[in-house]
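Visitor: Got a structure for you, questions after.
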Amino acid sequence: MFLKCMLAAAAIVTSAVMEAAPFMTNVYGRDYVLLNGKWSAFTDLYDQGRKMEVYKNRKPQSNEEFYEYSFDGAMRLDVPGDWNSQYPELKYYEGTMWYARHFDAPTPNSFRNQDSEAAAITATGRTFLYFGAVSYRCMVYLNGELIASHEGGFTPFQVEVTGLLKDKDNFLCLEVSNRRTPDAIPAMNFDWWNYGGITRDVMLVSVPQVFVEDYFIRLDKNEPDLIHASVKLSCEVEREVVVEIPELKVRQAIMTDASGCGEVSFRVKKLKRWSPDAPKLYDVSVSGETDRVCEKIGFRNIVAEGERILVNGEPVFMRSVSFHEEIPQRMGRAFSQADASMLLSEAAALGVNMVRLAHYPQNEYTVRLAEQMGILLWEEIPVWQGINFTDEGTRAKAQTMLSEMIYRDRNRCAVGYWGVANETKPSAERNAFLDSLLHTGRSIDATRLYVAAFDLAYFEKSTGHFEMHDDFISNLDVVAVNKYMGWYHPWPVNPSDAVWDVAAGQPLIISEFGGEALYGQSGSDEMAGSWSEDYQARLYRDNLEMFRHIPNLAGVSPWVLFDFRSPYRFHPSNQDGWNRKGLVSDRGQRKKAWYIMRDWYASISRGE
Ligand code: GCU
């Protein structure tokens, strides 16, 4: 007998089939046990392990048996974490790594976010293994059986293990590879370190038989007081789901349709919209008949109107900066709350209201903390140079990565932009590839601004203007340009005489500019080759002067906040495997250009 729900007269009730999310929404708001910690591991450079069935973890039972592997006594790797930064001999390792650990099935009261109802349900509920990310591809084996595989180093995936767990001594084994391939995303080369490993949290999650699998609760794209709530149950059943926002006195019941989906829209009074200056978040709960998921959600509008970007109806200039998901001092992937805090606090000190999370979806701690701090985010998938746009399989992978990124973070109001590409060259195949991404993205989330960065703005002698000729850009909400005048190529004109005629009629963000400097290196500000802070500072001053003459400039994002590791960077003393375009060195030291950027952003904040 399903509860009949009385729907508020003000609610406009429609049932909508929500595409099934590839994993549950808001895993940290569920009942979970972390499987983080030290795992045993060994390298498998020639990919022999699968043939040897190492995932069965066999032990010799007689003197006729012997196995040329064992997890006992193997390396011990921290999970989450990349392997490159854990053993010196793994710094450059690109290949297969076998990870394994034992665990007992959790008892009902061992789950976090526990509440009494869940405790009772857990015993009869369902259990999922959830991985925050594994770089770059992996096969998952439980108790000797293959149960899942995933490709993509920066997005979550889950697999149901209900009924597969033994009370004691379950054996979880992952075959992980960070080997680069031409059909991957990113492909064969990229300007960041190819970290491999189980690089984010691993969890066992307990949910009831029927649970709220996915929801999307957001302010209308344009209306300041209209909230839409879409929900999807884990089963195709008609059940009541209740969305509550106590501070707004909202309690909206939704009856899902036969596909388990439902949607409601309702107007609210006295909504405090989230913004960088006032990052207001509300307690929101979504309750099914046997589960309840809570989290903080913010509500804001972000639109492109002509050449401006409006947040809650007001034009906002994007004072941005980029950073990789890397802690330079540790020379490793960032993965924790503390890591997120280090990166974002250094960005906040610069005076940003936005961060471009380069060049791939970063961990959920970073996204959630940025939201609490009032920092807008540009999140993107690593369609980064060298992608094979003619390969159908590659296109499908990009669509999957984009979907996974959006499903994970579309309830995060800090995310203002979904980025679909970085520095692609015009072609019919490229256009078709990116068009399919825009279609996929907008079918899941039509509220964000879709953007891509291009390095195609050139100085045209015939007109004396900077121009960009790429017929794809009109499909985007915002156009972004990476431009390295003074570094990869000289200034064709004086910065003060630079006239831009790029993406007229659309908002334009200069998504990358800058140059390299070794912290503490002084020298001529005339010579890029000096790798001096003085030259980098001069380059920044020149770019800031040029920005004053770009009519549709809606924001800038210097490349990059921190020096970061890259196999591209060969210079023995000035680089030594580091890209030195950081405003801050790999040891956290602020270079002269950092202060120039900080002061410029401060002046913009003051409306100067
Ligand atoms: C490119 C690219 C970055 C790269 C940067 C550089 O524009 O988008 O990922 O690190 O230039 O060359 O430093």
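For the structure tokens, the naming scheme is as follows: chains receive sequential letters (A, B, ...) according to their order of presentation, residues are indexed from 1 within each chain, and ligands are indexed from 1 in presentation order.
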Residues up to 9 Å from ligand 1, counting only C-alpha atoms and all ligand atoms: could you list those as a PyMOL selection string?
Guide: chain A and resi 190-192+358-359+384-385+422-423+453-455+481-484+488+511-516+559-560+564+566+568+579-581
Visitor: What's around Ser320 of chain A at 9 Å? Count only C-alpha atoms, leave out sequence neighbours fewer than 4 positions away in its own chain, and write the answer as a list in words.
Guide: Ala347, Gly351, Val352, Asn353, Met354, Val355, Arg356, Leu376, Leu377, Ser511, Gly555, Val556, Ser557 and Pro558 of chain A
Visitor: If you run DSSP on the backbone here, which positions in segment 78-166 of chain A get strand (DSSP E)? Please write them as an MDAnalysis selection string.
Guide: chainID A and resid 78:79 96:103 126:131 137:142 145:151 157:160
Visitor: Determine the nearest neighbour of Leu518 of chain A from the options A:Asp44, A:Asp501, A:Asp534, A:Glu404, counting only C-alpha atoms.
Guide: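 Ranking A:Asp44, A:Asp501, A:Asp534, A:Glu404 by distance to Leu518 of chain A, first place goes to A:Asp534.
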Visitor: Considering only C-alpha atoms, return as a ChimeraX atom specification whatever protein or nucleic-acid residues lie within 10 Å of Glu68 of chain A, sequence-local ones (same chain, fewer than 3 positions apart) excluded.
Guide: /A:49,52,54
Visitor: Using all heavy atoms, can you export the residues from the last selection as a PDB file, in the first residue's frame?
Guide:
```pdb
ATOM      1  N   GLY A  49      49.840 -10.894 -14.379  1.00  0.00           N
ATOM      2  CA  GLY A  49      49.067 -11.222 -13.187  1.00  0.00           C
ATOM      3  C   GLY A  49      47.687 -11.785 -13.449  1.00  0.00           C
ATOM      4  O   GLY A  49      47.220 -12.679 -12.765  1.00  0.00           O
ATOM      5  N   MET A  52      47.929 -15.276 -14.325  1.00  0.00           N
ATOM      6  CA  MET A  52      48.285 -16.071 -13.140  1.00  0.00           C
ATOM      7  C   MET A  52      47.157 -16.082 -12.114  1.00  0.00           C
ATOM      8  O   MET A  52      47.265 -16.710 -11.083  1.00  0.00           O
ATOM      9  CB  MET A  52      49.558 -15.482 -12.513  1.00  0.00           C
ATOM     10  CG  MET A  52      50.783 -15.560 -13.409  1.00  0.00           C
ATOM     11  SD  MET A  52      52.079 -14.415 -12.868  1.00  0.00           S
ATOM     12  CE  MET A  52      52.572 -15.175 -11.328  1.00  0.00           C
ATOM     13  N   VAL A  54      46.227 -13.841 -10.016  1.00  0.00           N
ATOM     14  CA  VAL A  54      46.719 -13.407  -8.691  1.00  0.00           C
ATOM     15  C   VAL A  54      45.576 -12.936  -7.801  1.00  0.00           C
ATOM     16  O   VAL A  54      45.674 -12.979  -6.579  1.00  0.00           O
ATOM     17  CB  VAL A  54      47.786 -12.302  -8.820  1.00  0.00           C
ATOM     18  CG1 VAL A  54      48.964 -12.761  -9.652  1.00  0.00           C
ATOM     19  CG2 VAL A  54      47.193 -11.018  -9.399  1.00  0.00           C
TER      20      VAL A  54
END
```
Visitor: Quick one: contact table of segment 176-254 of chain A to segment 301-307 of chain A, 10 Å max, nearest atom pair and distance in Å to one decimal per residue, counting only C-alpha atoms, chain and number order, as JSON lines?
Guide:
```
{"residue": "A:Arg218", "atom": "CA", "partner": "A:Asn301", "partner_atom": "CA", "distance": 9.2}
{"residue": "A:Leu219", "atom": "CA", "partner": "A:Asn301", "partner_atom": "CA", "distance": 6.7}
{"residue": "A:Asp220", "atom": "CA", "partner": "A:Asn301", "partner_atom": "CA", "distance": 7.1}
{"residue": "A:Lys221", "atom": "CA", "partner": "A:Asn301", "partner_atom": "CA", "distance": 5.5}
{"residue": "A:Asn222", "atom": "CA", "partner": "A:Asn301", "partner_atom": "CA", "distance": 6.1}
{"residue": "A:Glu223", "atom": "CA", "partner": "A:Asn301", "partner_atom": "CA", "distance": 7.6}
{"residue": "A:Pro224", "atom": "CA", "partner": "A:Asn301", "partner_atom": "CA", "distance": 7.0}
{"residue": "A:Asp225", "atom": "CA", "partner": "A:Asn301", "partner_atom": "CA", "distance": 9.8}
```
Visitor: Might you pull out every residue within 10 Å of Glu244 of chain A, with only C-alpha atoms counted and same-chain residues fewer than 3 positions away left off, and present them as a ChimeraX atom specification?
Guide: /A:241,247-253,283-287,294
Visitor: Restricting the calculation to only C-alpha atoms: of A:Ser605, A:Thr424, A:Ser522, A:Gln506, which residue gets closest to Ser474 of chain A?
Guide: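 Closest to Ser474 of chain A, using only C-alpha atoms: A:Gln506.
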Visitor: Go through A:Tyr28, A:Asn36, A:Arg565, A:Gly95 one by one, measure the shortest atom-to-atom distance of each to Ile327 of chain A using only C-alpha atoms, and give the residue with the smallest value.
Guide: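 Closest to Ile327 of chain A of all the choices is A:Arg565.
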Visitor: List the neighbours of Phe154 of chain A out to 9 Å using only C-alpha atoms; skip same-chain residues closer than 2 positions along the sequence, and give me the result as a list in words.
Guide: Gly132, Ala133, Val134, Ser135, Tyr136, Gly152, Pro156, Thr199, Arg200, Tyr360, Pro361, Gln362, Asn363, Ile381, Met401 and Met405 of chain A
Visitor: Find the residues near segment 70-83 of chain A: any atom within 8 Å, counting only C-alpha atoms, skip ones fewer than 6 places away on the same chain, and give them as an mmCIF file with C-alpha atoms, in the first residue's frame.
Guide:
```cif
data_model
loop_
_atom_site.group_PDB
_atom_site.id
_atom_site.type_symbol
_atom_site.label_atom_id
_atom_site.label_comp_id
_atom_site.auth_asym_id
_atom_site.auth_seq_id
_atom_site.Cartn_x
_atom_site.Cartn_y
_atom_site.Cartn_z
ATOM 1 C CA ASN A 36 41.171 3.375 3.164
ATOM 2 C CA GLY A 37 44.540 2.580 4.690
ATOM 3 C CA LYS A 38 47.548 0.415 3.783
ATOM 4 C CA TRP A 39 46.895 -2.047 0.976
ATOM 5 C CA SER A 40 49.374 -4.665 -0.230
ATOM 6 C CA ALA A 41 50.616 -4.163 -3.778
ATOM 7 C CA PHE A 42 53.058 -5.297 -6.423
ATOM 8 C CA VAL A 54 46.719 -13.407 -8.691
ATOM 9 C CA ASN A 57 45.330 -15.065 -3.770
ATOM 10 C CA LEU A 90 57.665 4.218 -8.598
ATOM 11 C CA LYS A 91 58.200 7.907 -9.477
ATOM 12 C CA ALA A 100 44.756 -6.055 -2.371
ATOM 13 C CA TYR A 195 49.947 9.586 -11.397
ATOM 14 C CA GLY A 196 48.603 6.072 -11.030
ATOM 15 C CA GLY A 197 46.765 4.401 -8.212
ATOM 16 C CA ILE A 198 43.641 4.206 -6.108
ATOM 17 C CA THR A 199 43.798 7.947 -5.729
ATOM 18 C CA ARG A 200 40.574 8.702 -3.780
ATOM 19 C CA ASP A 201 38.435 7.212 -0.996
ATOM 20 C CA VAL A 202 37.173 3.608 -1.168
ATOM 21 C CA GLY A 332 51.703 13.681 -5.190
ATOM 22 C CA ARG A 333 48.028 13.771 -5.992
ATOM 23 C CA ALA A 334 45.812 15.769 -3.674
ATOM 24 C CA PHE A 335 42.987 13.650 -2.247
#
```
Visitor: Counting only C-alpha atoms, what is within 10 Å of Tyr407 of chain A, bar same-chain residues fewer than 4 positions away, as a CSV table (one decimal) with all heavy atoms, in the first residue's frame?
Guide:
```csv
chain,number,residue,atom,x,y,z
A,20,ALA,N,19.5,7.3,-15.6
A,20,ALA,CA,20.0,6.6,-14.4
A,20,ALA,C,21.5,7.1,-14.2
A,20,ALA,O,22.3,7.1,-15.1
A,20,ALA,CB,20.0,5.1,-14.6
A,21,ALA,N,21.7,7.7,-13.0
A,21,ALA,CA,23.1,8.1,-12.7
A,21,ALA,C,23.9,6.8,-12.6
A,21,ALA,O,23.4,5.7,-12.2
A,21,ALA,CB,23.1,8.8,-11.4
A,22,PRO,N,25.2,6.9,-12.9
A,22,PRO,CA,26.1,5.7,-12.9
A,22,PRO,C,26.5,5.3,-11.4
A,22,PRO,O,27.0,4.3,-11.2
A,22,PRO,CB,27.3,6.1,-13.7
A,22,PRO,CG,27.3,7.6,-13.6
A,22,PRO,CD,25.9,8.0,-13.5
A,23,PHE,N,26.1,6.2,-10.5
A,23,PHE,CA,26.4,5.8,-9.1
A,23,PHE,C,25.5,6.7,-8.2
A,23,PHE,O,24.9,7.6,-8.7
A,23,PHE,CB,27.9,6.2,-8.7
A,23,PHE,CG,28.4,7.5,-9.3
A,23,PHE,CD1,28.0,8.7,-8.8
A,23,PHE,CD2,29.1,7.5,-10.5
A,23,PHE,CE1,28.4,9.9,-9.4
A,23,PHE,CE2,29.6,8.7,-11.1
A,23,PHE,CZ,29.2,9.9,-10.5
A,24,MET,N,25.4,6.4,-6.9
A,24,MET,CA,24.5,7.1,-6.0
A,24,MET,C,25.0,8.5,-5.8
A,24,MET,O,26.2,8.7,-5.7
A,24,MET,CB,24.4,6.3,-4.7
A,24,MET,CG,25.6,6.2,-3.9
A,24,MET,SD,25.3,5.1,-2.4
A,24,MET,CE,25.3,3.5,-3.1
A,25,THR,N,24.1,9.4,-5.6
A,25,THR,CA,24.4,10.8,-5.4
A,25,THR,C,24.8,11.0,-3.9
A,25,THR,O,24.2,10.3,-3.0
A,25,THR,CB,23.1,11.6,-5.7
A,25,THR,OG1,22.8,11.5,-7.1
A,25,THR,CG2,23.3,13.1,-5.4
A,26,ASN,N,25.7,11.9,-3.6
A,26,ASN,CA,26.1,12.2,-2.3
A,26,ASN,C,26.4,11.0,-1.4
A,26,ASN,O,25.8,10.8,-0.4
A,26,ASN,CB,24.9,13.0,-1.6
A,26,ASN,CG,25.2,13.5,-0.2
A,26,ASN,OD1,26.4,13.5,0.2
A,26,ASN,ND2,24.2,13.8,0.6
A,155,THR,N,36.9,10.2,-12.0
A,155,THR,CA,35.4,10.2,-11.6
A,155,THR,C,35.1,8.9,-10.9
A,155,THR,O,35.7,7.9,-11.1
A,155,THR,CB,34.6,10.3,-12.9
A,155,THR,OG1,35.1,9.4,-13.9
A,155,THR,CG2,34.6,11.7,-13.5
A,156,PRO,N,34.0,8.9,-10.1
A,156,PRO,CA,33.7,7.8,-9.2
A,156,PRO,C,33.0,6.6,-10.0
A,156,PRO,O,32.5,6.8,-11.1
A,156,PRO,CB,32.7,8.3,-8.2
A,156,PRO,CG,32.5,9.8,-8.5
A,156,PRO,CD,33.1,10.0,-9.8
A,214,ASP,N,19.4,9.0,-6.7
A,214,ASP,CA,19.9,10.2,-7.4
A,214,ASP,C,18.9,11.3,-7.1
A,214,ASP,O,17.7,11.1,-7.1
A,214,ASP,CB,20.1,9.9,-8.9
A,214,ASP,CG,20.7,11.2,-9.6
A,214,ASP,OD1,21.5,11.9,-8.9
A,214,ASP,OD2,20.4,11.4,-10.7
A,215,TYR,N,19.4,12.5,-7.0
A,215,TYR,CA,18.5,13.6,-6.9
A,215,TYR,C,19.3,14.8,-7.4
A,215,TYR,O,20.5,14.9,-7.5
A,215,TYR,CB,18.0,13.9,-5.5
A,215,TYR,CG,19.0,14.1,-4.5
A,215,TYR,CD1,19.7,15.3,-4.3
A,215,TYR,CD2,19.4,13.0,-3.6
A,215,TYR,CE1,20.7,15.4,-3.3
A,215,TYR,CE2,20.4,13.1,-2.7
A,215,TYR,CZ,21.0,14.3,-2.5
A,215,TYR,OH,22.0,14.5,-1.5
A,216,PHE,N,18.5,15.8,-7.9
A,216,PHE,CA,19.1,17.1,-8.4
A,216,PHE,C,18.2,18.2,-8.0
A,216,PHE,O,17.0,18.3,-8.4
A,216,PHE,CB,19.2,17.0,-10.0
A,216,PHE,CG,19.8,18.2,-10.6
A,216,PHE,CD1,20.7,19.1,-9.9
A,216,PHE,CD2,19.6,18.5,-12.0
A,216,PHE,CE1,21.3,20.1,-10.6
A,216,PHE,CE2,20.2,19.6,-12.6
A,216,PHE,CZ,21.0,20.4,-11.9
A,401,MET,N,32.8,10.2,-19.1
A,401,MET,CA,33.5,11.0,-18.1
A,401,MET,C,32.7,12.3,-17.8
A,401,MET,O,32.6,12.7,-16.6
A,401,MET,CB,34.9,11.3,-18.6
A,401,MET,CG,35.8,10.2,-18.6
A,401,MET,SD,37.4,10.7,-19.3
A,401,MET,CE,38.2,9.1,-19.5
A,402,LEU,N,32.2,12.9,-18.8
A,402,LEU,CA,31.4,14.1,-18.6
A,402,LEU,C,30.2,13.8,-17.8
A,402,LEU,O,29.9,14.5,-16.8
A,402,LEU,CB,31.0,14.7,-20.0
A,402,LEU,CG,30.2,16.0,-19.9
A,402,LEU,CD1,31.1,17.2,-19.5
A,402,LEU,CD2,29.6,16.4,-21.3
A,403,SER,N,29.5,12.7,-18.1
A,403,SER,CA,28.3,12.4,-17.3
A,403,SER,C,28.6,12.1,-15.9
A,403,SER,O,27.9,12.6,-15.0
A,403,SER,CB,27.6,11.1,-17.9
A,403,SER,OG,27.4,11.3,-19.3
A,411,ASN,N,24.7,18.9,-7.9
A,411,ASN,CA,24.1,19.6,-6.7
A,411,ASN,C,25.0,20.6,-6.1
A,411,ASN,O,24.6,21.2,-5.1
A,411,ASN,CB,23.6,18.5,-5.7
A,411,ASN,CG,22.4,17.8,-6.2
A,411,ASN,OD1,21.4,18.4,-6.5
A,411,ASN,ND2,22.5,16.5,-6.2
A,441,GLY,N,25.9,16.7,-22.0
A,441,GLY,CA,25.9,17.5,-20.8
A,441,GLY,C,24.6,18.2,-20.5
A,441,GLY,O,24.0,18.1,-19.4
A,444,ILE,N,21.8,16.3,-19.1
A,444,ILE,CA,21.8,15.9,-17.7
A,444,ILE,C,21.7,17.2,-16.8
A,444,ILE,O,21.1,17.2,-15.8
A,444,ILE,CB,23.1,15.2,-17.3
A,444,ILE,CG1,23.3,14.0,-18.2
A,444,ILE,CG2,23.2,14.9,-15.9
A,444,ILE,CD1,24.7,13.4,-18.1
A,445,ASP,N,22.3,18.3,-17.3
A,445,ASP,CA,22.2,19.5,-16.6
A,445,ASP,C,22.2,20.7,-17.5
A,445,ASP,O,23.3,21.1,-18.1
A,445,ASP,CB,23.5,19.6,-15.6
A,445,ASP,CG,23.5,20.9,-14.9
A,445,ASP,OD1,22.5,21.7,-15.0
A,445,ASP,OD2,24.6,21.3,-14.4
```
Visitor: Give me, please, the distance in Å between atom CA of Thr394 of chain A and atom CA of Ile185 of chain A, quoted to one decimal.
Guide: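 Computing it gives 7.3 Å between the two atoms.
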